[in-house]
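run-v4.txt follows; it contains compact mmCIF, C-alpha atoms and all ligand atoms.
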```txt
# COMPACT_ATOMS: atom_id res chain seq x y z
CA MET I 28 0.00 0.00 0.00
CA SER I 29 1.46 3.38 -0.93
CA ARG I 30 1.99 5.96 1.78
CA VAL I 31 0.35 9.36 1.85
CA ALA I 32 1.76 12.57 3.32
CA TYR I 33 0.08 15.84 4.20
CA VAL I 34 2.06 18.79 2.83
CA ASN I 35 0.83 22.36 3.18
CA GLY I 36 -2.84 21.74 2.63
CA ARG I 37 -2.71 18.67 0.37
CA TYR I 38 -2.61 14.91 0.78
CA VAL I 39 -0.02 13.65 -1.67
CA PRO I 40 1.66 10.31 -2.45
CA HIS I 41 4.64 10.01 -0.10
CA GLY I 42 7.06 9.66 -3.01
CA ASP I 43 5.93 13.00 -4.46
CA ALA I 44 5.79 14.90 -1.16
CA SER I 45 8.15 17.89 -1.26
CA VAL I 46 8.64 21.39 0.08
CA HIS I 47 10.12 24.49 -1.55
CA VAL I 48 13.92 24.92 -1.73
CA GLU I 49 13.58 28.16 0.24
CA ASP I 50 11.64 26.60 3.09
CA ARG I 51 13.41 27.93 6.18
CA GLY I 52 13.40 24.49 7.75
CA TYR I 53 15.57 23.30 4.88
CA GLN I 54 17.89 26.33 4.89
CA PHE I 55 18.14 27.23 8.58
CA ALA I 56 16.57 24.35 10.56
CA ASP I 57 14.08 27.09 11.43
CA GLY I 58 11.31 24.76 12.52
CA VAL I 59 10.06 22.33 15.13
CA TYR I 60 8.59 18.83 15.17
CA GLU I 61 6.70 16.27 17.19
CA VAL I 62 6.51 12.49 17.09
CA VAL I 63 3.25 11.02 18.37
CA LEU I 64 2.77 7.31 18.92
CA VAL I 65 -0.21 5.43 17.50
CA HIS I 66 -0.64 2.25 19.53
CA ASN I 67 -3.31 -0.27 18.49
CA GLY I 68 -5.39 2.47 16.92
CA ARG I 69 -4.97 4.86 19.85
CA LEU I 70 -3.07 8.12 19.99
CA VAL I 71 -0.82 8.14 23.03
CA ASP I 72 -0.51 11.46 24.92
CA GLU I 73 -1.80 13.48 21.98
CA GLY I 74 -2.69 16.51 24.16
CA PRO I 75 0.73 16.80 25.83
CA HIS I 76 2.49 16.42 22.45
CA LEU I 77 0.38 19.21 20.96
CA ASP I 78 1.00 21.36 24.05
CA ARG I 79 4.73 20.87 23.58
CA LEU I 80 4.40 21.72 19.87
CA ASP I 81 2.66 24.97 20.84
CA ARG I 82 5.42 25.73 23.33
CA SER I 83 8.23 25.02 20.83
CA LEU I 84 6.52 27.28 18.26
CA SER I 85 5.96 30.05 20.74
CA GLU I 86 9.59 29.93 21.99
CA LEU I 87 10.70 30.53 18.38
CA SER I 88 7.91 33.03 17.56
CA ILE I 89 6.62 30.82 14.75
CA LYS I 90 2.89 31.20 14.14
CA GLN I 91 0.56 28.25 14.71
CA PRO I 92 -0.13 26.78 11.26
CA MET I 93 -3.81 26.22 12.18
CA SER I 94 -6.13 25.57 15.10
CA ARG I 95 -5.58 22.52 17.28
CA LEU I 96 -8.86 21.00 16.13
CA ALA I 97 -7.86 21.30 12.48
CA LEU I 98 -4.45 19.80 13.23
CA GLN I 99 -6.03 16.88 15.07
CA ALA I 100 -8.35 16.21 12.13
CA ILE I 101 -5.38 16.07 9.74
CA MET I 102 -3.41 13.79 12.07
CA ARG I 103 -6.30 11.35 12.10
CA GLU I 104 -6.74 11.57 8.34
CA VAL I 105 -3.04 10.84 7.76
CA VAL I 106 -3.23 7.81 10.06
CA ARG I 107 -6.39 6.65 8.30
CA ARG I 108 -5.04 7.11 4.77
CA ASN I 109 -1.88 5.20 5.68
CA ARG I 110 -3.88 2.45 7.42
CA VAL I 111 -1.62 2.52 10.43
CA ARG I 112 -2.71 0.73 13.64
CA THR I 113 0.65 0.93 15.38
CA GLY I 114 3.15 3.50 14.24
CA LEU I 115 4.32 7.07 14.45
CA ILE I 116 2.94 10.39 13.35
CA TYR I 117 5.69 12.83 12.42
CA MET I 118 4.65 16.47 12.28
CA GLN I 119 6.89 19.36 11.36
CA VAL I 120 6.19 23.07 11.31
CA THR I 121 8.70 25.52 9.86
CA ARG I 122 8.61 29.29 9.67
CA GLY I 123 7.75 28.92 5.99
CA VAL I 124 9.16 29.85 2.60
CA ALA I 125 10.96 33.16 2.08
CA ARG I 126 13.90 34.67 0.21
CA ARG I 127 16.98 33.63 2.18
CA ASP I 128 17.79 36.06 4.98
CA HIS I 129 18.66 35.05 8.53
CA ALA I 130 16.18 37.44 10.16
CA PHE I 131 12.51 36.44 10.29
CA PRO I 132 10.58 37.13 7.07
CA LYS I 133 7.72 39.62 7.54
CA ASP I 134 4.92 37.64 5.98
CA ALA I 135 5.86 33.96 5.71
CA THR I 136 3.12 31.39 6.26
CA PRO I 137 4.18 28.50 8.52
CA ALA I 138 4.69 25.28 6.57
CA LEU I 139 3.19 22.05 7.91
CA VAL I 140 4.11 18.49 6.97
CA ILE I 141 2.56 15.41 8.58
CA THR I 142 3.57 11.83 7.79
CA CYS I 143 2.83 8.50 9.39
CA LYS I 144 4.66 5.19 9.31
CA ARG I 145 4.26 1.76 10.87
CA ILE I 146 6.56 0.56 13.60
CA TYR I 147 7.20 -2.94 14.85
CA GLN I 148 7.94 -3.93 18.41
CA PRO I 149 11.17 -5.70 19.30
CA LYS I 150 10.81 -9.36 20.39
CA PRO I 151 10.40 -9.99 24.16
CA GLU I 152 13.83 -11.72 24.20
CA ALA I 153 15.42 -8.54 22.85
CA ILE I 154 13.74 -6.45 25.56
CA GLU I 155 14.91 -8.91 28.26
CA LYS I 156 18.46 -8.60 26.97
CA GLY I 157 18.25 -4.80 27.02
CA VAL I 158 20.32 -2.45 24.90
CA SER I 159 23.74 -0.87 25.22
CA VAL I 160 24.53 2.83 25.12
CA ILE I 161 27.77 4.64 24.43
CA THR I 162 28.60 8.06 25.83
CA ILE I 163 29.60 11.25 24.02
CA ASP I 164 30.15 14.89 24.95
CA ASP I 165 26.99 16.96 24.85
CA ILE I 166 27.88 19.51 22.16
CA ARG I 167 24.33 20.85 21.62
CA TRP I 168 23.00 24.38 22.01
CA ALA I 169 21.54 25.85 25.20
CA ARG I 170 17.85 25.39 24.24
CA CYS I 171 17.44 21.63 24.04
CA ASP I 172 13.98 22.09 25.61
CA ILE I 173 12.75 23.26 22.19
CA LYS I 174 11.98 20.33 19.88
CA SER I 175 13.82 21.92 16.99
CA VAL I 176 14.54 20.15 13.70
CA GLY I 177 18.18 21.28 14.14
CA LEU I 178 19.47 17.86 15.17
CA LEU I 179 23.02 17.58 13.80
CA PRO I 180 24.71 16.74 17.14
CA ASN I 181 21.98 14.14 17.75
CA VAL I 182 22.51 12.71 14.25
CA LEU I 183 26.28 12.45 14.78
CA GLY I 184 25.77 10.91 18.22
CA LYS I 185 23.30 8.29 16.99
CA GLN I 186 25.58 7.41 14.11
CA ALA I 187 28.51 6.92 16.54
CA ALA I 188 26.25 4.61 18.57
CA ARG I 189 25.23 2.62 15.47
CA GLU I 190 28.84 2.22 14.40
CA LYS I 191 29.59 0.65 17.80
CA GLY I 192 26.52 -1.58 17.69
CA ALA I 193 24.82 0.45 20.44
CA PHE I 194 21.19 1.54 20.59
CA GLU I 195 21.76 5.06 21.84
CA ALA I 196 24.42 7.60 22.81
CA TRP I 197 24.07 9.28 26.20
CA GLN I 198 25.31 12.84 26.16
CA ILE I 199 27.53 14.04 29.00
CA ASP I 200 27.71 17.66 30.16
CA ALA I 201 30.81 19.60 31.31
CA GLU I 202 30.26 18.41 34.92
CA GLY I 203 30.32 14.74 33.92
CA ASN I 204 26.55 14.36 34.31
CA VAL I 205 24.28 12.58 31.84
CA THR I 206 21.93 14.97 30.04
CA GLU I 207 19.93 12.63 27.78
CA GLY I 208 20.15 10.36 24.76
CA THR I 209 20.18 11.66 21.19
CA SER I 210 16.47 10.85 20.82
CA SER I 211 15.41 9.69 24.29
CA ASN I 212 15.57 10.60 27.98
CA SER I 213 17.94 8.79 30.34
CA TRP I 214 17.05 7.11 33.63
CA ILE I 215 18.77 5.09 36.34
CA VAL I 216 17.52 3.03 39.27
CA THR I 217 19.83 3.20 42.32
CA HIS I 218 20.68 0.30 44.64
CA ASP I 219 18.14 1.81 47.07
CA ASP I 220 15.42 1.37 44.40
CA GLU I 221 15.17 5.06 43.71
CA LEU I 222 14.22 6.08 40.18
CA VAL I 223 16.35 9.03 39.00
CA THR I 224 16.17 11.25 35.95
CA ARG I 225 17.61 14.67 35.20
CA PRO I 226 15.26 17.60 35.97
CA ALA I 227 13.62 19.21 32.95
CA ALA I 228 15.36 22.52 32.17
CA ASN I 229 16.81 24.09 29.03
CA ASP I 230 19.46 21.39 28.70
CA ILE I 231 17.14 18.48 27.88
CA LEU I 232 13.92 17.85 26.02
CA ASN I 233 11.16 17.31 28.55
CA GLY I 234 9.98 14.01 27.06
CA ILE I 235 6.27 13.34 27.08
CA THR I 236 7.05 9.70 27.86
CA ARG I 237 9.32 10.98 30.66
CA GLN I 238 6.45 12.97 32.15
CA THR I 239 4.08 10.01 31.89
CA ILE I 240 6.60 7.69 33.56
CA LEU I 241 6.99 10.15 36.45
CA LYS I 242 3.19 10.17 36.88
CA LEU I 243 3.06 6.35 36.74
CA ALA I 244 5.85 6.15 39.34
CA GLU I 245 3.95 8.54 41.58
CA ASP I 246 0.66 6.61 41.18
CA ARG I 247 2.45 3.41 42.11
CA GLY I 248 4.12 4.91 45.19
CA LEU I 249 7.63 4.37 43.78
CA THR I 250 10.48 6.50 45.11
CA PHE I 251 11.74 8.85 42.43
CA LYS I 252 13.84 11.98 42.21
CA GLU I 253 14.51 14.46 39.42
CA ARG I 254 18.19 15.26 39.92
CA PRO I 255 21.35 15.24 37.82
CA PHE I 256 23.31 11.98 37.92
CA SER I 257 26.89 11.41 36.85
CA LEU I 258 28.16 8.94 34.30
CA ALA I 259 30.01 7.16 37.12
CA GLU I 260 26.78 6.79 39.09
CA ALA I 261 25.00 5.49 35.99
CA LYS I 262 27.67 2.88 35.37
CA SER I 263 27.32 1.51 38.88
CA ALA I 264 23.52 1.83 39.02
CA ARG I 265 21.31 -1.20 39.61
CA GLU I 266 19.31 -0.57 36.43
CA ALA I 267 19.02 1.99 33.65
CA PHE I 268 16.67 2.65 30.79
CA VAL I 269 15.74 5.13 28.08
CA SER I 270 12.31 6.56 27.33
CA SER I 271 10.73 8.04 24.22
CA ALA I 272 7.57 7.87 22.14
CA THR I 273 9.30 5.26 19.98
CA ALA I 274 11.24 3.21 22.56
CA PHE I 275 8.67 3.51 25.41
CA VAL I 276 10.66 2.16 28.38
CA MET I 277 13.73 0.38 26.98
CA PRO I 278 16.07 -1.37 29.44
CA VAL I 279 19.75 -0.41 29.20
CA THR I 280 22.07 -3.20 30.32
CA GLN I 281 25.42 -1.78 29.24
CA ILE I 282 26.90 1.74 29.37
CA ASP I 283 30.21 1.92 27.47
CA ASP I 284 32.09 -1.08 28.87
CA ALA I 285 30.15 -1.30 32.14
CA VAL I 286 27.57 -4.08 32.33
CA LEU I 287 24.72 -3.29 34.74
CA GLY I 288 23.65 -5.97 37.21
CA ASN I 289 23.55 -9.39 35.57
CA GLY I 290 23.35 -7.90 32.09
CA GLN I 291 19.60 -8.55 31.81
CA ALA I 292 16.68 -6.12 32.07
CA GLY I 293 15.92 -5.44 35.75
CA SER I 294 12.58 -5.92 37.49
CA PHE I 295 12.08 -2.21 38.32
CA THR I 296 12.43 -1.24 34.65
CA MET I 297 10.26 -4.11 33.44
CA GLY I 298 7.58 -3.15 35.97
CA LEU I 299 7.56 0.38 34.58
CA ARG I 300 7.50 -0.91 31.02
CA ASP I 301 4.42 -3.02 31.85
CA ALA I 302 2.82 -0.01 33.54
CA TYR I 303 3.47 2.05 30.43
CA PHE I 304 1.83 -0.60 28.21
CA ASP I 305 -1.23 -0.61 30.50
CA TYR I 306 -1.29 3.17 30.24
CA MET I 307 -1.14 3.04 26.41
CA ALA I 308 -3.97 0.52 26.32
CA ASP I 309 -6.15 3.12 28.06
CA ALA I 310 -5.41 5.92 25.55
CA ALA I 311 -8.36 7.38 23.63
CA PRO I 312 -9.24 5.51 20.41
CA LEU I 313 -8.75 7.48 17.20
N1 LIG I 401 12.64 11.96 20.07
N2 LIG I 401 15.13 13.70 24.12
C1 LIG I 401 15.34 13.91 22.81
C2 LIG I 401 16.56 14.64 22.40
C3 LIG I 401 14.41 13.43 21.87
O1 LIG I 401 14.60 13.66 20.58
C4 LIG I 401 13.26 12.72 22.33
C5 LIG I 401 12.22 12.19 21.37
C6 LIG I 401 13.11 12.52 23.71
C7 LIG I 401 11.90 11.80 24.27
O2 LIG I 401 10.73 12.57 24.10
P1 LIG I 401 9.30 11.88 23.99
O3 LIG I 401 9.16 11.01 25.20
O4 LIG I 401 8.36 13.03 23.99
O5 LIG I 401 9.28 11.07 22.72
C8 LIG I 401 14.05 13.04 24.58
C9 LIG I 401 11.70 11.56 19.05
C10 LIG I 401 11.02 10.27 19.34
C11 LIG I 401 12.41 11.61 17.71
O6 LIG I 401 13.20 12.53 17.52
O7 LIG I 401 12.17 10.76 16.87
```
Would you give me this structure, written as structure tokens?
Amino acid sequence: MSRVAYVNGRYVPHGDASVHVEDRGYQFADGVYEVVLVHNGRLVDEGPHLDRLDRSLSELSIKQPMSRLALQAIMREVVRRNRVRTGLIYMQVTRGVARRDHAFPKDATPALVITCKRIYQPKPEAIEKGVSVITIDDIRWARCDIKSVGLLPNVLGKQAAREKGAFEAWQIDAEGNVTEGTSSNSWIVTHDDELVTRPAANDILNGITRQTILKLAEDRGLTFKERPFSLAEAKSAREAFVSSATAFVMPVTQIDDAVLGNGQAGSFTMGLRDAYFDYMADAAPL
């Protein structure tokens, strides 16, 4: 079945979907994006994702391309036309098309692209085994809270991970603390069974999955703290995992050369992963 994309007011075959050469997203990375999970025909955390899109746009003074209701209708139509039951919606808004000049154009119309693709879950054995992460210096800008399409450091970091057979690269700040992965948030579980993740500030993206996990931890009476943690602490932690709309809760069993615990996914992480699946099952149907 051929895929369909929404591009600036039109549904077009994915292979023909294109934007203008002077789109500011293309020339300056002057745009933002969101990735929303579709799980068994349900949109997971749609409201929080759209809130974060609004925030990213407003931080960059990019106009809303349309009302939230209109956007939601298009998201659903893209999912429907692509016949996706479990997959991802990718939505991108740029400042629009204008003659190249760094300063904002006076009258550009924001450009909106929405695509959707299927995703497949890893096998349970792969989850049990967990994934490995490498570590790299965090060389990004000071506004990582904005979900900008400017992702070159993330691209280079993920590529370095792939080349070493790792799932993700954890970025390390000047103090030796873990900020986050290149496309996921980072978590550890201490030997006292405390769940730890870095506080949301300008130096990380405040993941929607991250926020949901914190709520699930609270509901379940788990001990958790939002505080910075060092790479050394992570390497000697009981458990670790990453979170994102695409990885959910993914156990990490190796950080660089350090194997965590017995090298298998830990029970704390797997409990949270199960809780997250229960949460997704309760999401509103499309
Ligand atoms: N990435 N940190 C970064 C740098 C990210 O790019 C992402 C998500 C996250 C997790 O956010 P959320 O839980 O809202 O997905 C954290 C998406 C999935 C991507 O770029 O494809």
List all protein, DNA and RNA residues that have at least one atom no more than 9 Å from any atom of ligand LIG 401 (chain I), counting all atoms listed in the file, and write them as an MDAnalysis selection string. chainID I and resid 60:64 75:76 79 115 117 171:172 174 176 178 181 207:213 231:239 269:275
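Distances here use only C-alpha atoms; by that measure, the residue among I:Val160, I:Val286, I:Ile166, I:Ala100 closest to Lys185 (chain I) is I:Val160.
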Between I:Ala130, I:Ala302, I:Ala308, I:Ile199, smallest distance to Ser257 (chain I) by all atoms listed in the file belongs to I:Ile199
| field | For CA of Pro312 (chain I) and CA of Asn35 (chain I), the interatomic separation in Å (one decimal) | value |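 Those two atoms sit 26.1 Å apart.
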| In Å, how far is it from CA of Gln148 (chain I) to CA of Phe194 (chain I)? |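 That distance, rounded to one decimal, is 14.5 Å.
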Return the single residue from I:Ser45, I:Thr136, I:Gln91, I:Ser263 that is closest to Ile282 (chain I), with distances computed using all atoms listed in the file.
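Closest residue, counting all atoms listed in the file: I:Ser263.
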For Lys156 (chain I), the closest of I:Arg30, I:Ala310, I:Asp246, I:Ala292 counting only C-alpha atoms is I:Ala292
- Residue nearest Ser88 (chain I) among I:Lys144, I:Lys133, I:Arg103, I:Arg69 (counting only C-alpha atoms):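 The answer is I:Lys133, which sits nearest to Ser88 (chain I).
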Counting all atoms listed in the file, note down every residue that has an atom within 7 Å of the point (13.1, 3.0, 43.8) (file coordinates), as a short mmCIF file (atom, residue, chain, number, x, y, z; two decimals) with C-alpha atoms, in the coordinates of the input.
```cif
data_model
loop_
_atom_site.label_atom_id
_atom_site.label_comp_id
_atom_site.auth_asym_id
_atom_site.auth_seq_id
_atom_site.Cartn_x
_atom_site.Cartn_y
_atom_site.Cartn_z
CA VAL I 216 17.52 3.03 39.27
CA THR I 217 19.83 3.20 42.32
CA ASP I 219 18.14 1.81 47.07
CA ASP I 220 15.42 1.37 44.40
CA GLU I 221 15.17 5.06 43.71
CA LEU I 222 14.22 6.08 40.18
CA LEU I 249 7.63 4.37 43.78
CA THR I 250 10.48 6.50 45.11
CA PHE I 251 11.74 8.85 42.43
#
```
Practice prompt. Might you pull out every residue within 10 Å of Arg107 (chain I), with all atoms listed in the file counted and same-chain residues fewer than 3 positions away left off, and present them as a list in words?
Written response: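 Skipping anything fewer than 3 positions along the chain leaves Val31, Gly68, Ile101, Met102, Arg103, Glu104, Arg110, Val111, Arg112, Cys143 and Leu313 of chain I.
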Separating CA of Gly298 (chain I) from CA of Glu266 (chain I), to the nearest tenth of an Å, is a gap of 12.0 Å
Among I:Phe256, I:Tyr303, I:Trp168, I:Phe131, Val205 (chain I) is approached most closely, using all atoms listed in the file, by I:Phe256
Quiz item: What's the 10 Å shell around Gly288 (chain I), counting only C-alpha atoms, without same-chain residues fewer than 6 positions away, as a VMD selection string?
Solution: chain I and resid 262 to 267 280 to 281
Since the input has fewer atoms than a full residue there, write region 248-259 of chain I out with all heavy atoms, as an mmCIF file, in the coordinates of the input.
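Written out: selection.cif:
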```cif
data_model
loop_
_atom_site.group_PDB
_atom_site.id
_atom_site.type_symbol
_atom_site.label_atom_id
_atom_site.label_comp_id
_atom_site.auth_asym_id
_atom_site.auth_seq_id
_atom_site.Cartn_x
_atom_site.Cartn_y
_atom_site.Cartn_z
ATOM 1 N N GLY I 248 3.425 4.732 43.910
ATOM 2 C CA GLY I 248 4.120 4.910 45.190
ATOM 3 C C GLY I 248 5.605 4.569 45.115
ATOM 4 O O GLY I 248 6.222 4.237 46.132
ATOM 5 N N LEU I 249 6.190 4.644 43.899
ATOM 6 C CA LEU I 249 7.630 4.370 43.780
ATOM 7 C C LEU I 249 8.419 5.601 44.239
ATOM 8 O O LEU I 249 7.933 6.723 44.138
ATOM 9 C CB LEU I 249 7.987 4.056 42.319
ATOM 10 C CG LEU I 249 7.236 2.889 41.676
ATOM 11 C CD1 LEU I 249 7.611 2.766 40.199
ATOM 12 C CD2 LEU I 249 7.555 1.589 42.415
ATOM 13 N N THR I 250 9.623 5.373 44.721
ATOM 14 C CA THR I 250 10.480 6.500 45.110
ATOM 15 C C THR I 250 11.163 7.019 43.858
ATOM 16 O O THR I 250 11.781 6.231 43.125
ATOM 17 C CB THR I 250 11.563 6.035 46.105
ATOM 18 O OG1 THR I 250 10.925 5.209 47.064
ATOM 19 C CG2 THR I 250 12.244 7.195 46.795
ATOM 20 N N PHE I 251 11.054 8.302 43.611
ATOM 21 C CA PHE I 251 11.740 8.850 42.430
ATOM 22 C C PHE I 251 12.250 10.246 42.737
ATOM 23 O O PHE I 251 11.721 10.932 43.621
ATOM 24 C CB PHE I 251 10.810 8.873 41.209
ATOM 25 C CG PHE I 251 9.603 9.762 41.373
ATOM 26 C CD1 PHE I 251 9.648 11.097 40.980
ATOM 27 C CD2 PHE I 251 8.437 9.266 41.917
ATOM 28 C CE1 PHE I 251 8.528 11.914 41.125
ATOM 29 C CE2 PHE I 251 7.319 10.078 42.073
ATOM 30 C CZ PHE I 251 7.365 11.403 41.676
ATOM 31 N N LYS I 252 13.297 10.632 42.028
ATOM 32 C CA LYS I 252 13.840 11.980 42.210
ATOM 33 C C LYS I 252 14.303 12.524 40.854
ATOM 34 O O LYS I 252 14.934 11.795 40.080
ATOM 35 C CB LYS I 252 15.015 11.929 43.182
ATOM 36 C CG LYS I 252 15.417 13.310 43.658
ATOM 37 C CD LYS I 252 16.341 13.260 44.850
ATOM 38 C CE LYS I 252 15.593 13.283 46.168
ATOM 39 N NZ LYS I 252 16.402 12.836 47.285
ATOM 40 N N GLU I 253 13.965 13.795 40.598
ATOM 41 C CA GLU I 253 14.510 14.460 39.420
ATOM 42 C C GLU I 253 15.759 15.192 39.876
ATOM 43 O O GLU I 253 15.671 16.208 40.571
ATOM 44 C CB GLU I 253 13.479 15.435 38.847
ATOM 45 C CG GLU I 253 12.271 14.745 38.251
ATOM 46 C CD GLU I 253 11.213 15.748 37.787
ATOM 47 O OE1 GLU I 253 11.370 16.304 36.695
ATOM 48 O OE2 GLU I 253 10.262 15.977 38.544
ATOM 49 N N ARG I 254 16.911 14.630 39.569
ATOM 50 C CA ARG I 254 18.190 15.260 39.920
ATOM 51 C C ARG I 254 19.233 14.835 38.898
ATOM 52 O O ARG I 254 19.096 13.780 38.259
ATOM 53 C CB ARG I 254 18.613 14.840 41.331
ATOM 54 C CG ARG I 254 18.915 13.363 41.495
ATOM 55 C CD ARG I 254 19.711 13.089 42.768
ATOM 56 N NE ARG I 254 19.817 11.665 43.050
ATOM 57 C CZ ARG I 254 20.743 10.852 42.527
ATOM 58 N NH1 ARG I 254 21.639 11.300 41.644
ATOM 59 N NH2 ARG I 254 20.797 9.574 42.865
ATOM 60 N N PRO I 255 20.296 15.671 38.743
ATOM 61 C CA PRO I 255 21.350 15.240 37.820
ATOM 62 C C PRO I 255 22.037 13.998 38.356
ATOM 63 O O PRO I 255 22.101 13.806 39.577
ATOM 64 C CB PRO I 255 22.332 16.435 37.822
ATOM 65 C CG PRO I 255 21.591 17.568 38.427
ATOM 66 C CD PRO I 255 20.580 16.979 39.360
ATOM 67 N N PHE I 256 22.503 13.131 37.489
ATOM 68 C CA PHE I 256 23.310 11.980 37.920
ATOM 69 C C PHE I 256 24.523 11.878 37.003
ATOM 70 O O PHE I 256 24.466 12.226 35.825
ATOM 71 C CB PHE I 256 22.481 10.685 37.951
ATOM 72 C CG PHE I 256 21.893 10.277 36.630
ATOM 73 C CD1 PHE I 256 22.601 9.458 35.752
ATOM 74 C CD2 PHE I 256 20.615 10.709 36.249
ATOM 75 C CE1 PHE I 256 22.046 9.080 34.535
ATOM 76 C CE2 PHE I 256 20.067 10.326 35.031
ATOM 77 C CZ PHE I 256 20.784 9.512 34.173
ATOM 78 N N SER I 257 25.636 11.429 37.616
ATOM 79 C CA SER I 257 26.890 11.410 36.850
ATOM 80 C C SER I 257 26.983 10.120 36.040
ATOM 81 O O SER I 257 26.282 9.128 36.318
ATOM 82 C CB SER I 257 28.079 11.513 37.799
ATOM 83 O OG SER I 257 28.169 10.321 38.553
ATOM 84 N N LEU I 258 27.917 10.141 35.097
ATOM 85 C CA LEU I 258 28.160 8.940 34.300
ATOM 86 C C LEU I 258 28.649 7.817 35.218
ATOM 87 O O LEU I 258 28.233 6.664 35.077
ATOM 88 C CB LEU I 258 29.184 9.239 33.203
ATOM 89 C CG LEU I 258 29.640 8.038 32.375
ATOM 90 C CD1 LEU I 258 28.458 7.345 31.718
ATOM 91 C CD2 LEU I 258 30.652 8.471 31.320
ATOM 92 N N ALA I 259 29.499 8.184 36.201
ATOM 93 C CA ALA I 259 30.010 7.160 37.120
ATOM 94 C C ALA I 259 28.867 6.518 37.890
ATOM 95 O O ALA I 259 28.817 5.296 38.055
ATOM 96 C CB ALA I 259 31.027 7.796 38.070
#
```
